[in-house]
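Visitor: Quick one: the structure is below, questions incoming.
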Amino acid sequence: MADALRIQDLRKDFRLGFIPKTYKILRGITFAVREGEIFGYLGPNGAGKTTTIKCLLGLIHPDAGTIEILGRSYRSPRARAALGFLPENPYFYDYLTAREFLSFTGDLFGLDRDEKAARIARLLALVGLERAADLPLRKYSRGMLQRAGLAQALINDPKLVILDEPLGGMDPLGRKEIRDIIVRFKDEGKTVFFTSHILQDIEMICDRVAIIVGGRIVRAGALRDLVSERVLFTEAVVAGVAPGAFAGLGESVSVQGDRVLLRLYDESQVDGVLDLVRSNRGRLLSLSPRTETLEDIFVETVTRT
Amino acid sequence: MKIGAIAGITFKEAKRDRVLYLLFFFAALGIVASRVLALLTVGDRTKIIKDVGLASISVFGVLMAILIGTGLVYKEIDKKTIFTLLAKPLHRAEFILGKFLGLVLTLFVMTAAMAAIFLVLVYVHTLKIEGALLVAVAYLFVELVLITAVAVLFSSFSTPILSSLFALGFTLIGHLSWGLDLVVQKMTPGLGRTLVRVLATVLPDLENFNFKTEVVHGLPIPPGIYVSSLLYGLCYTAFILALAVLIFRRRDFV
Amino acid sequence: MVSAEFPKKAAGTLVLAGLLLLSAAGLAALKLSLDRIVRKKVPGSSIIYVPSGKFLKFATFGYRALAADAVYLWSIQYYSTPTIDDRFDHLDHVYAIINELDPRYQDPYEVGAMIAVQGAQENQAQRPEVARNLIAAAFSILDRGTANNPDQWIYSFDAGHVALMNLKDYALAETYFEQCMRIPGAPPFVERLRANAIYKKGDLQTSWETWLDIFKRAPDERTKRIASNHLYQVKAAIDGAALERAAAEYRKRFGRLPADLATLVRAGLLREVPKDLDGRDYVYDPATGSVRTAISPWRR
């Protein structure tokens, strides 16, 4: 399977201030996104996520390194012909309506009139903006702008979709919709590359991730490989047994009435608790093993670096 | 065509700028006020009307070109609409050219409107349409096109206020550079004189587009100058736009 | 809460409205009273301090003609304000600026000269030196007009007219009319004005020749008649001068004036008694020794 996006040793410094002080933002970024997968790009604020995206879009000129988009060098504008991009905060021409804006975007890709009109109708339906299509963008809420942005990113039926924080600022229903749309992209054979702070969403839909800290990639790989299925601890909620009875069998996290919440770090302790419950004629209300999440990995990685 | 698409939305955006209509209002006022001013003169009334009318179109046209042109690129960067735009398969040159052409189109409409009012007023006074007046307005427009290019150039790397000052400076120098020829005549041959000669050739000479005096007095304009002036304007415009694209291509949009 | 706020807000609006009205009335009244105070206003006279039009050409950035218009319009208002006593002091300078800015603007030349002549006439009695300067200014303006517009005959004509009427400098008038004649498009009567100026100058011989030339080239009856009348006048002047000279000589010799013109012939002072152009006798007054024509040259 070919690479939709290949970045090799990307470096960028910024010189700011009257007496120029050099800030190294990207210190040699290397990773690849395979065709047809959903790729998550994570990192703390200021790590260089948006800078990386701007480099591959041609908005920033890197100091060193190569970028290949769908096999083409990033330097040529044609590399962006099969690309769709949604920026972090949507900034569009607020005096245009959504329909006019999509029409203009379509013109920039050289779509002919009929094809353009068909796609606009389809996209407006997809993102749920049919009713507001002829209102100026000025009057849109943040969520509506996000949807309009998604529509303009798809007008050229791109093979690679780049989304910068697509789920930020949306309500839970909106986030689910976007997640579903992203998964649908994958089903259609598109490649999706997106950044996000909301790790639960990444965990839910990404195939592979890369974690960038301080301008360097510190962890990268398939999600399955990064997040082991190791059980960290098991939480049990028990009723009808005195808390003291559980001494030596793990932590008693909280007590409410006759309910006890226990955290058991050892698998053998689980059996011990179950025996205790049965022998005291208590009730086992819940038993949930807690596996390692992406958030755990992320926090551990960032604090280690 | 991509440049056309950008020109189209630029035209749409410029149309909404209230500054444009304010300046147009004052231009129309100026042209009509010339009628009143003409009452104060002893002798040829039409001359006052023509002079004030052409001056109004010229002054307000330049103001329109500068005030709107200097905000064109800056606003896109400031409002960050440029991110999604340049993420498209577009050369940066196409962006600059599109913006430029959009404003040129806007100015064309405005100049035509002002010229219409002007010609109607002249017709009311003299009961004839003078083709020469149209020629003067046409070359005023060529000057406006060049000034627009300058405004876009400065807008691609500077704030609107500084850009406006620079563009205004360009216009003023353009109307003074003919004086360098007089300076050259008075200098003794040498390095200084060569330097001034070079300056006189390179600095813009906007007087080449100024046919106001000839047209008002009905003096003949040497036919060779029509084509030469037009080409000079186009060449200088191309030069400025090339410079703008050169600077714009190297920019990082953080 | 709202009902407690409302009277406060209404009171506030009332105060503001009152303040507005009061200040508006105040400023209107004050403006009227200020207008009534007489101040020596010399509108726009800072133009006097502009060194020359050459400087202004640079400061106008391509709007030279408009600047010329503006200064011209101002000058008309300025010079028609009689309360400005010293307004004539810099007339030539002001019009020089206008002419330098727009040399092809015709009105200022004529109007400037006209204002100068008018001013000269007004000041002739009280301030003759001002009048003299103004006439000089008129010529300066008109000369500039001719220099900048060699195709315009009117400036030479105006200058000749001023020389003729105001200065009564007939030699100067002749020069200007001659200059005027040479410009294509000059009206035919200019050469007649020149011929008459030569007559008034006192050069009778040249005057006769000039008028004869005009008579011979006359394209119509009217011109012929005018030329003929002038020729009559010139001949009468020549003859009259000769006769009076002879009579004075007679008186010197014989102690008294001759009784008639024939006596002069008999005395050998004249070869013959000249007749006027029509063949009539001149009328001689023995008491004064003066000679005049029997009929007016213009009623022949």
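Chain identifiers are assigned as A, B, and so on, following the order in which chains appear in the structure tokens; residues are numbered from 1 within each chain, and ligands are numbered from 1 in order of appearance.
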Quick one: which residues from chain B are at most 6 Å off chain A, using only C-alpha atoms, as a PDB file with C-alpha atoms, in the first residue's frame?
Guide:
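The resulting part_4.pdb:
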ATOM      1  CA  LYS B   2      -8.779  30.450 -11.038  1.00  0.00           C
ATOM      2  CA  LYS B  80      -6.827  34.172   8.163  1.00  0.00           C
ATOM      3  CA  THR B  81      -9.058  33.463   5.196  1.00  0.00           C
ATOM      4  CA  ALA B  87      -4.290  25.289   0.651  1.00  0.00           C
ATOM      5  CA  LYS B  88      -5.937  24.902  -2.772  1.00  0.00           C
ATOM      6  CA  PRO B  89      -3.928  23.927  -5.867  1.00  0.00           C
ATOM      7  CA  LEU B  90      -3.111  27.544  -6.580  1.00  0.00           C
ATOM      8  CA  ASP B 252       5.383  32.220   5.724  1.00  0.00           C
ATOM      9  CA  PHE B 253       1.850  32.406   7.056  1.00  0.00           C
TER      10      PHE B 253
END
Visitor: Do me a favour and pick out the residues of chain B within 9 Å of chain C, using only C-alpha atoms, as a list of chain:residue names.
Guide: B:Leu37, B:Ala38, B:Leu40, B:Thr41, B:Val42, B:Gly43, B:Asp44, B:Lys47, B:Ile48, B:Asp51, B:Val52, B:Ala55, B:Thr171, B:Leu172, B:Ile173, B:Gly174, B:His175, B:Leu176, B:Gly179, B:Leu206, B:Glu207, B:Asn210, B:Lys212, B:Thr213, B:Val216, B:His217
Visitor: Suppose we keep C-alpha atoms; can you now write the selection as a PDB file, in the first residue's frame?
Guide:
ATOM      1  CA  LEU B  37     -17.571  77.334  -9.067  1.00  0.00           C
ATOM      2  CA  ALA B  38     -17.872  78.192 -12.725  1.00  0.00           C
ATOM      3  CA  LEU B  40     -17.415  82.769 -10.009  1.00  0.00           C
ATOM      4  CA  THR B  41     -15.208  83.055 -13.036  1.00  0.00           C
ATOM      5  CA  VAL B  42     -14.926  85.776 -15.626  1.00  0.00           C
ATOM      6  CA  GLY B  43     -14.611  84.305 -19.049  1.00  0.00           C
ATOM      7  CA  ASP B  44     -14.632  80.662 -20.100  1.00  0.00           C
ATOM      8  CA  LYS B  47     -12.740  75.362 -18.500  1.00  0.00           C
ATOM      9  CA  ILE B  48     -13.471  75.448 -14.763  1.00  0.00           C
ATOM     10  CA  ASP B  51     -10.664  71.126 -14.806  1.00  0.00           C
ATOM     11  CA  VAL B  52     -12.537  70.445 -11.580  1.00  0.00           C
ATOM     12  CA  ALA B  55      -9.379  66.589 -11.049  1.00  0.00           C
ATOM     13  CA  THR B 171       1.970  58.787  -6.586  1.00  0.00           C
ATOM     14  CA  LEU B 172       3.510  62.072  -5.470  1.00  0.00           C
ATOM     15  CA  ILE B 173       6.963  61.087  -6.703  1.00  0.00           C
ATOM     16  CA  GLY B 174       5.344  60.033  -9.946  1.00  0.00           C
ATOM     17  CA  HIS B 175       4.074  63.555 -10.479  1.00  0.00           C
ATOM     18  CA  LEU B 176       7.344  65.192  -9.495  1.00  0.00           C
ATOM     19  CA  GLY B 179      11.438  67.820 -12.417  1.00  0.00           C
ATOM     20  CA  LEU B 206       2.912  59.537 -13.978  1.00  0.00           C
ATOM     21  CA  GLU B 207       2.811  62.694 -16.021  1.00  0.00           C
ATOM     22  CA  ASN B 210      -1.733  63.243 -17.629  1.00  0.00           C
ATOM     23  CA  LYS B 212      -5.811  66.928 -18.540  1.00  0.00           C
ATOM     24  CA  THR B 213      -4.273  70.248 -19.625  1.00  0.00           C
ATOM     25  CA  VAL B 216      -9.108  71.138 -21.687  1.00  0.00           C
ATOM     26  CA  HIS B 217      -7.326  73.587 -23.940  1.00  0.00           C
TER      27      HIS B 217
END
Visitor: Name the residues in contact with B:Gly53 at a cut-off of 7 Å, using only C-alpha atoms, excluding same-chain residues fewer than 4 positions from it; report them as a list in words.
Guide: Gly30, Ile31, Ser34, Ile49, Ile57 and Phe118 of chain B
Visitor: Fewer than 2 positions away in the same chain doesn't count, so skip those; otherwise give me all residues within 10 Å of B:Ile247, counting only C-alpha atoms, as a PDB file with N, CA and C atoms, in the first residue's frame.
Guide:
ATOM      1  N   LEU B 153       1.138  45.617  -4.049  1.00  0.00           N
ATOM      2  CA  LEU B 153       2.512  45.265  -3.690  1.00  0.00           C
ATOM      3  C   LEU B 153       2.765  45.523  -2.211  1.00  0.00           C
ATOM      4  N   PHE B 154       2.437  46.731  -1.770  1.00  0.00           N
ATOM      5  CA  PHE B 154       2.718  47.057  -0.374  1.00  0.00           C
ATOM      6  C   PHE B 154       1.815  46.278   0.566  1.00  0.00           C
ATOM      7  N   SER B 156       1.009  43.328   0.318  1.00  0.00           N
ATOM      8  CA  SER B 156       1.425  41.938   0.484  1.00  0.00           C
ATOM      9  C   SER B 156       2.446  41.771   1.594  1.00  0.00           C
ATOM     10  N   PHE B 157       2.991  42.880   2.110  1.00  0.00           N
ATOM     11  CA  PHE B 157       3.913  42.695   3.218  1.00  0.00           C
ATOM     12  C   PHE B 157       3.810  43.738   4.314  1.00  0.00           C
ATOM     13  N   LEU B 241       3.883  44.153 -10.294  1.00  0.00           N
ATOM     14  CA  LEU B 241       3.208  42.906  -9.929  1.00  0.00           C
ATOM     15  C   LEU B 241       4.211  41.777  -9.779  1.00  0.00           C
ATOM     16  N   ALA B 242       5.215  41.764 -10.664  1.00  0.00           N
ATOM     17  CA  ALA B 242       6.241  40.731 -10.551  1.00  0.00           C
ATOM     18  C   ALA B 242       6.950  40.841  -9.206  1.00  0.00           C
ATOM     19  N   LEU B 243       7.239  42.072  -8.815  1.00  0.00           N
ATOM     20  CA  LEU B 243       7.863  42.315  -7.514  1.00  0.00           C
ATOM     21  C   LEU B 243       6.964  41.818  -6.393  1.00  0.00           C
ATOM     22  N   ALA B 244       5.675  42.090  -6.525  1.00  0.00           N
ATOM     23  CA  ALA B 244       4.724  41.685  -5.493  1.00  0.00           C
ATOM     24  C   ALA B 244       4.693  40.165  -5.372  1.00  0.00           C
ATOM     25  N   VAL B 245       4.653  39.483  -6.512  1.00  0.00           N
ATOM     26  CA  VAL B 245       4.611  38.017  -6.483  1.00  0.00           C
ATOM     27  C   VAL B 245       5.902  37.475  -5.859  1.00  0.00           C
ATOM     28  N   ARG B 249       5.716  35.249  -2.528  1.00  0.00           N
ATOM     29  CA  ARG B 249       6.025  33.817  -2.590  1.00  0.00           C
ATOM     30  C   ARG B 249       6.869  33.371  -1.409  1.00  0.00           C
ATOM     31  N   ARG B 250       7.678  34.270  -0.884  1.00  0.00           N
ATOM     32  CA  ARG B 250       8.582  33.875   0.181  1.00  0.00           C
ATOM     33  C   ARG B 250       7.950  33.956   1.555  1.00  0.00           C
ATOM     34  N   ARG B 251       6.734  34.433   1.624  1.00  0.00           N
ATOM     35  CA  ARG B 251       6.136  34.649   2.935  1.00  0.00           C
ATOM     36  C   ARG B 251       5.735  33.357   3.602  1.00  0.00           C
TER      37      ARG B 251
END
Visitor: Using DSSP secondary structure from the backbone, list all helix (DSSP H, G or I) positions within stretch 49-182 of chain C, as a PyMOL selection string.
Guide: chain C and resi 49+53-59+64-79+87-101+107-123+128-148+154-167+170-182
Visitor: Excluding same-chain residues fewer than 4 positions from B:Met110, what lies within 8 Å of it counting only C-alpha atoms, as a ChimeraX atom specification?
Guide: /B:24,61,106,114
Visitor: Can you tell me, as a count of residues only, what residues are no more than 10 Å from stretch 203-213 of chain C when counting only C-alpha atoms, ignoring any on the same chain fewer than 2 positions away?
Guide: 28
Visitor: For atom CA of A:Leu276 and atom CA of A:Ala245, determine how far apart the two atoms are, in Å to one decimal place.
Guide: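 These atoms are spaced 7.9 Å apart.
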Visitor: Any idea what's packed within 9 Å of stretch 79-81 of chain C, counting only C-alpha atoms, ignoring anything in its chain fewer than 6 positions away? Could you give it as a PyMOL selection string?
Guide: chain C and resi 87-88+91+115
Visitor: Can you spit out the residues from that selection as an mmCIF file, in the first residue's frame, using N, CA and C atoms?
Guide:
data_model
loop_
_atom_site.group_PDB
_atom_site.id
_atom_site.type_symbol
_atom_site.label_atom_id
_atom_site.label_comp_id
_atom_site.auth_asym_id
_atom_site.auth_seq_id
_atom_site.Cartn_x
_atom_site.Cartn_y
_atom_site.Cartn_z
ATOM 1 N N ARG C 87 -4.862 96.280 -2.670
ATOM 2 C CA ARG C 87 -4.951 95.053 -3.454
ATOM 3 C C ARG C 87 -4.187 95.125 -4.769
ATOM 4 N N PHE C 88 -3.891 96.308 -5.252
ATOM 5 C CA PHE C 88 -3.219 96.405 -6.544
ATOM 6 C C PHE C 88 -1.713 96.256 -6.459
ATOM 7 N N LEU C 91 -0.450 92.867 -8.319
ATOM 8 C CA LEU C 91 -1.298 92.320 -9.362
ATOM 9 C C LEU C 91 -0.502 91.513 -10.390
ATOM 10 N N ILE C 115 -8.267 94.469 -15.329
ATOM 11 C CA ILE C 115 -8.312 94.910 -13.937
ATOM 12 C C ILE C 115 -7.232 95.958 -13.692
#
